[in-house]
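Below is one structure, written out as structure tokens; the observations come after it.
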Protein chains: 2
Amino acid sequence: MNEIRKDYLLNRWVVIAADRGLRPTDLGKSVLEQPKKKTICPFCPGNEHITPPSVLTYIRSENLLIKTHDQGSSRIKDWEIRVVPNLYPAFSISPSYNNKSLTEKNPDILKAVGHHEVVIESPIHDEHPANAKLTRLIYVIQAYHDRIHELSQKSYVKYISIFRNHGLEAGASLSHPHSQIISMPMIPRIVQEELDNSRIFWKKTSQCKFCDILAREIDGPRFIWRNKDFIVFSPRAGVNPLEFWIVPTRHMSSLLKITKTEIKNLAKTLKITLQGLHELIPSVSYNYAFHTTFDDESSEYYHWHLEVYPKLSTYGGFEKSTGVYINTVSPEIAADMLRTKIIH
Amino acid sequence: MNEIRKDYLLNRWVVIAADRGLRPTDLGKSVLEQPKKKTICPFCPGNEHITPPSVLTYIRSENLLIKTHDQGSSRIKDWEIRVVPNLYPAFSISPSYNNKSLTEKNPDILKAVGHHEVVIESPIHDEHPANAKLTRLIYVIQAYHDRIHELSQKSYVKYISIFRNHGLEAGASLSHPHSQIISMPMIPRIVQEELDNSRIFWKKTSQCKFCDILAREIDGPRFIWRNKDFIVFSPRAGVNPLEFWIVPTRHMSSLLKITKTEIKNLAKTLKITLQGLHELIPSVSYNYAFHTTFDDESSEYYHWHLEVYPKLSTYGGFEKSTGVYINTVSPEIAADMLRTKIIH
């Protein structure tokens, strides 16, 4: 099982994922130098046996969506969505695991207990959320929701990260459309800082900080798009060129609380904004990630949202050593550029 | 003048460097996609007029090193080192600047007051610290020292970052050997956290945390190399594959306190470790960055050091959204690999 280690002085954790079995010779080739292998795509229909059994499979029968999962060595065919364990998990769970063994003698080293799953978003190898049917995006968000619901039941899970890497430059090693879900035994630094400071704001003002941000951004220079349930804007201090956030207008701390209508409107928002981004920069790589809780403690002061990071710059020694970023596109210009591509 | 903005909730600052004049059409091409232009290198001898006047130039006259700088439109030739203002500075100083204008009404937006300089390390276009003469590295470190000394006199300078980006993948847009120096009006988050927590440790134990780390790492599984004045090891929770740190054995909070002998031994350490890294992975890109203070306040509890980050992985949505990292090479294996290449 991997270890999670804390820095000597910083509140920064790293998963030492030596389990992935990287050999010295692998290090020489960067992801970008590796030739595109014409090997079998493990996520394409027909190759289901290459992945571990799914923990969740969506199939459609007439107009009904049926939720099931693989059993033993058999694999369900004709699926819409498959969620499978990652073959090289950063976080995992061993049969001998028990709660006591989570922390060893050293409080700065934890076992990387948790789950690492892949959401295979489509049976179509080169489908992208921007050009897929809306139903596809609805299924994907529904699958995120279902997995958070399931994983949040585990006593050792303190946070669940849902994210998507698109394109080699954004860290995607496979091009078949997929997202990832990682559950972990601690709340990550960035989310903890959001939780702490939004709680402080709430205690002082009885208001949710994100609701306050929405009220300011909705008619300001960084506003990009909205529908009934979601507002899209470029964050005031975004660290990535063209970064934008998708935030629900209704106050809710957790993606678990999303309604069917809101799922549909989130799917629409995601599709139209990614379409706009691709129209602006056709070959763009990007990451997106949810920030969400799943417990009731933060329900009054936290507000889940989705952050989208186009990959258009490279962090250097300055950013990595200081934690200060340089963004060469102001959020106001970014919003202008995206707005013109999104509103037709 | 650029702005520095603070995140809505996080203690994270970003320089909005719209001054760099990036146009929408530039965004489509990532650094890696751009064809290598066969244009004139602004850092090569003969092209001194392309850069602004140097703020520091080293020339050698017989066996003496002479420190001077360009005056007006004339440019000193036959130099060993040139330090010039960055043409696209992230931080800058305007003639109308005064201390009062540093903070505006909004405490979350500062003016990006400071300096952004380039240290042109050599007249030879493709020289690298690993294959340069030792004298070259001594000059480079001496130039870092001289510039910190000069910049730290300014009342508005709160921190000085010295860093090197090597290779396109590590963010270097020009291949001629160079480093950068940025002075800024606040202490960056990562350094502030190191300062805060090393002060806490010192108050509790009357010891410097870094001296304590050295005592542990010097004969442990992460030790890589040492000479009289410097110890090299792979940090316990390093976030980059093959990351290593170079730490002075003598307790000193600031690079300003380094002696002539220590400069020579740092140059030797840097050369031999970068040689080892290149032998292990010939085409490796990397960043290095100093963590140092320049005032007396932290002299008892802080300890300057140099961190080296090989660029062998790509951060994805998980790292960017959580601040938790995944390192696929354990620091112990990294130290093993580097040790065998460094000790001949």
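The way I read the labels, and the way they are meant: chains A, B, ... in the order of the structure tokens, residue 1 as the first residue of every chain, and ligand 1 as the first ligand shown, with later ones counted on from there.
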
Sel. of strand (DSSP E) residues, stretch 111-249 of chain B, as a VMD selection string: chain B and resid 111 115 to 120 159 to 166 178 to 184 223 to 226 230 to 233 244 to 248

Contact residues (chain B, partner chain A, 7 Å, only C-alpha atoms) as a PyMOL selection string: chain B and resi 5-7+9-10+12-18+20+22+27-28+30+163-165+170-171+188-191+193-194+197-198+237+239+281+287-289+312+314-318+321-330

Computed gap from atom CA of A:Pro85 to atom CA of A:Ile50 is 11.5 Å

Apply DSSP to the backbone of this structure and, from stretch 131-217 of chain A, keep only the residues in helix (DSSP H, G or I); write these as a PyMOL selection string. chain A and resi 134-151+168-170+189-205+209-217

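One distance worth recording is that between atom CA of B:Glu300 and atom CA of B:Trp202, which is 8.0 Å.
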
Residue neighbourhood stretch 262-266 of chain A, 8 Å, only C-alpha atoms, exclusion window fewer than 2 positions, as a PyMOL selection string: chain A and resi 138+141-142+227-230+258-260+268-270

Interatomic distance between atom CA of A:Phe233 and atom CA of A:Ile120?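 Taking atom CA of A:Phe233 as the start and atom CA of A:Ile120 as the end point, the length is 28.0 Å.
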
Shell of 12 Å around A:Ile343, only C-alpha atoms, local chain residues under 4 positions omitted, as number ranges by chain: A: 224-227, 269, 272-273, 275-277, 279, 335-339

Measuring atom to atom with only C-alpha atoms, identify which of A:Ile40, A:Met186, A:Leu137, A:Ile231 is nearest to A:Lys158.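 When distances to A:Lys158 are compared using only C-alpha atoms, the smallest one comes from A:Met186.
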